[in-house]
>>> print(open('work-v1.cif').read())   # mmCIF, C-alpha atoms
data_model
loop_
_atom_site.label_atom_id
_atom_site.label_comp_id
_atom_site.auth_asym_id
_atom_site.auth_seq_id
_atom_site.Cartn_x
_atom_site.Cartn_y
_atom_site.Cartn_z
CA MET A 1395 17.08 47.64 -80.32
CA LEU A 1396 13.57 46.23 -80.60
CA ILE A 1397 12.11 49.43 -79.19
CA GLU A 1398 14.00 51.46 -81.79
CA TYR A 1399 12.61 49.29 -84.59
CA ILE A 1400 9.06 49.57 -83.26
CA ASN A 1401 9.34 53.35 -82.94
CA LYS A 1402 10.72 53.68 -86.48
CA ALA A 1403 7.96 51.45 -87.89
CA MET A 1404 5.29 53.35 -85.94
CA SER A 1405 6.49 56.59 -87.53
CA LYS A 1406 5.37 55.13 -90.88
CA ALA A 1407 1.88 54.21 -89.64
CA VAL A 1408 -1.16 55.53 -91.47
CA TYR A 1409 -4.57 55.99 -89.90
CA GLU A 1410 -8.03 56.37 -91.31
CA LYS A 1411 -11.26 57.34 -89.63
CA LEU A 1412 -14.04 54.93 -90.58
CA LYS A 1413 -17.65 55.84 -91.29
CA ASP A 1414 -18.72 54.49 -87.90
CA GLY A 1415 -16.28 56.84 -86.14
CA ASN A 1416 -13.70 54.19 -85.26
CA PHE A 1417 -10.12 54.26 -86.50
CA VAL A 1418 -8.01 51.78 -88.43
CA GLY A 1419 -4.23 51.87 -88.48
CA LYS A 1420 -1.72 50.12 -90.73
CA ILE A 1421 2.03 50.10 -91.18
CA PRO A 1422 2.56 49.72 -94.96
CA PRO A 1423 6.10 48.26 -94.78
CA CYS A 1424 4.84 45.63 -92.30
CA SER A 1425 2.19 43.65 -94.16
CA GLY A 1426 -0.47 42.13 -91.95
CA VAL A 1427 -0.03 44.63 -89.12
CA ILE A 1428 -3.40 46.30 -88.64
CA ALA A 1429 -5.38 47.55 -85.68
CA PHE A 1430 -8.71 49.15 -84.84
CA GLY A 1431 -9.74 51.46 -82.05
CA GLU A 1432 -12.57 53.68 -80.92
CA THR A 1433 -10.13 56.60 -80.60
CA LEU A 1434 -6.96 57.44 -82.49
CA TYR A 1435 -4.92 56.93 -79.32
CA GLN A 1436 -6.46 53.50 -78.72
CA CYS A 1437 -5.79 52.56 -82.35
CA GLN A 1438 -2.14 53.65 -82.03
CA GLU A 1439 -1.67 51.58 -78.88
CA GLU A 1440 -3.33 48.53 -80.47
CA LEU A 1441 -1.14 48.94 -83.56
CA ARG A 1442 2.02 49.13 -81.44
CA SER A 1443 0.93 46.00 -79.55
CA SER A 1444 0.12 44.15 -82.78
CA LEU A 1445 3.51 45.02 -84.24
CA ARG A 1446 5.34 43.97 -81.06
CA ASP A 1447 3.45 40.67 -80.84
CA GLY A 1448 4.13 39.95 -84.50
CA LEU A 1449 7.84 40.50 -84.02
CA LEU A 1450 8.05 38.34 -80.92
#
>>> encode(input="work-v1.cif", output="structure tokens")
Amino acid sequence: MLIEYINKAMSKAVYEKLKDGNFVGKIPPCSGVIAFGETLYQCQEELRSSLRDGLL
């Protein structure tokens, strides 16, 4: 059930490429969940981890 929630929340994530080439990701319905990464994939994984840690 937790995995389903995380997957649904991740489908609402928005990403932006910063001027320095890094990425930032946020999940608007989940205030305070934000992550950064050098690549989009790394940012997605950090965001998923941040969301999971926040829920636990």
>>> closest_residue(input="work-v1.cif", among="A:Leu1449, A:Met1395, A:Val1418, A:Ile1400", to="Tyr1435 in chain A", atoms="only C-alpha atoms")
A:Val1418
>>> resolve_selection(input="work-v1.cif", expression="the PyMOL selection byres ((chain A and resi 1414) around 12)", output="JSON, numbers by chain")
{"A": [1410, 1411, 1412, 1413, 1415, 1416, 1417, 1418, 1430, 1431, 1432, 1433]}
>>> resolve_selection(input="work-v1.cif", expression="the PyMOL selection byres ((chain A and resi 1403) around 12)", output="list in words")
Leu1396, Ile1397, Glu1398, Tyr1399, Ile1400, Asn1401, Lys1402, Met1404, Ser1405, Lys1406, Ala1407, Val1408, Lys1420, Ile1421, Pro1422, Pro1423, Cys1424, Ser1425, Val1427, Gln1438, Leu1441, Arg1442, Ser1444, Leu1445, Arg1446 and Leu1449 of chain A
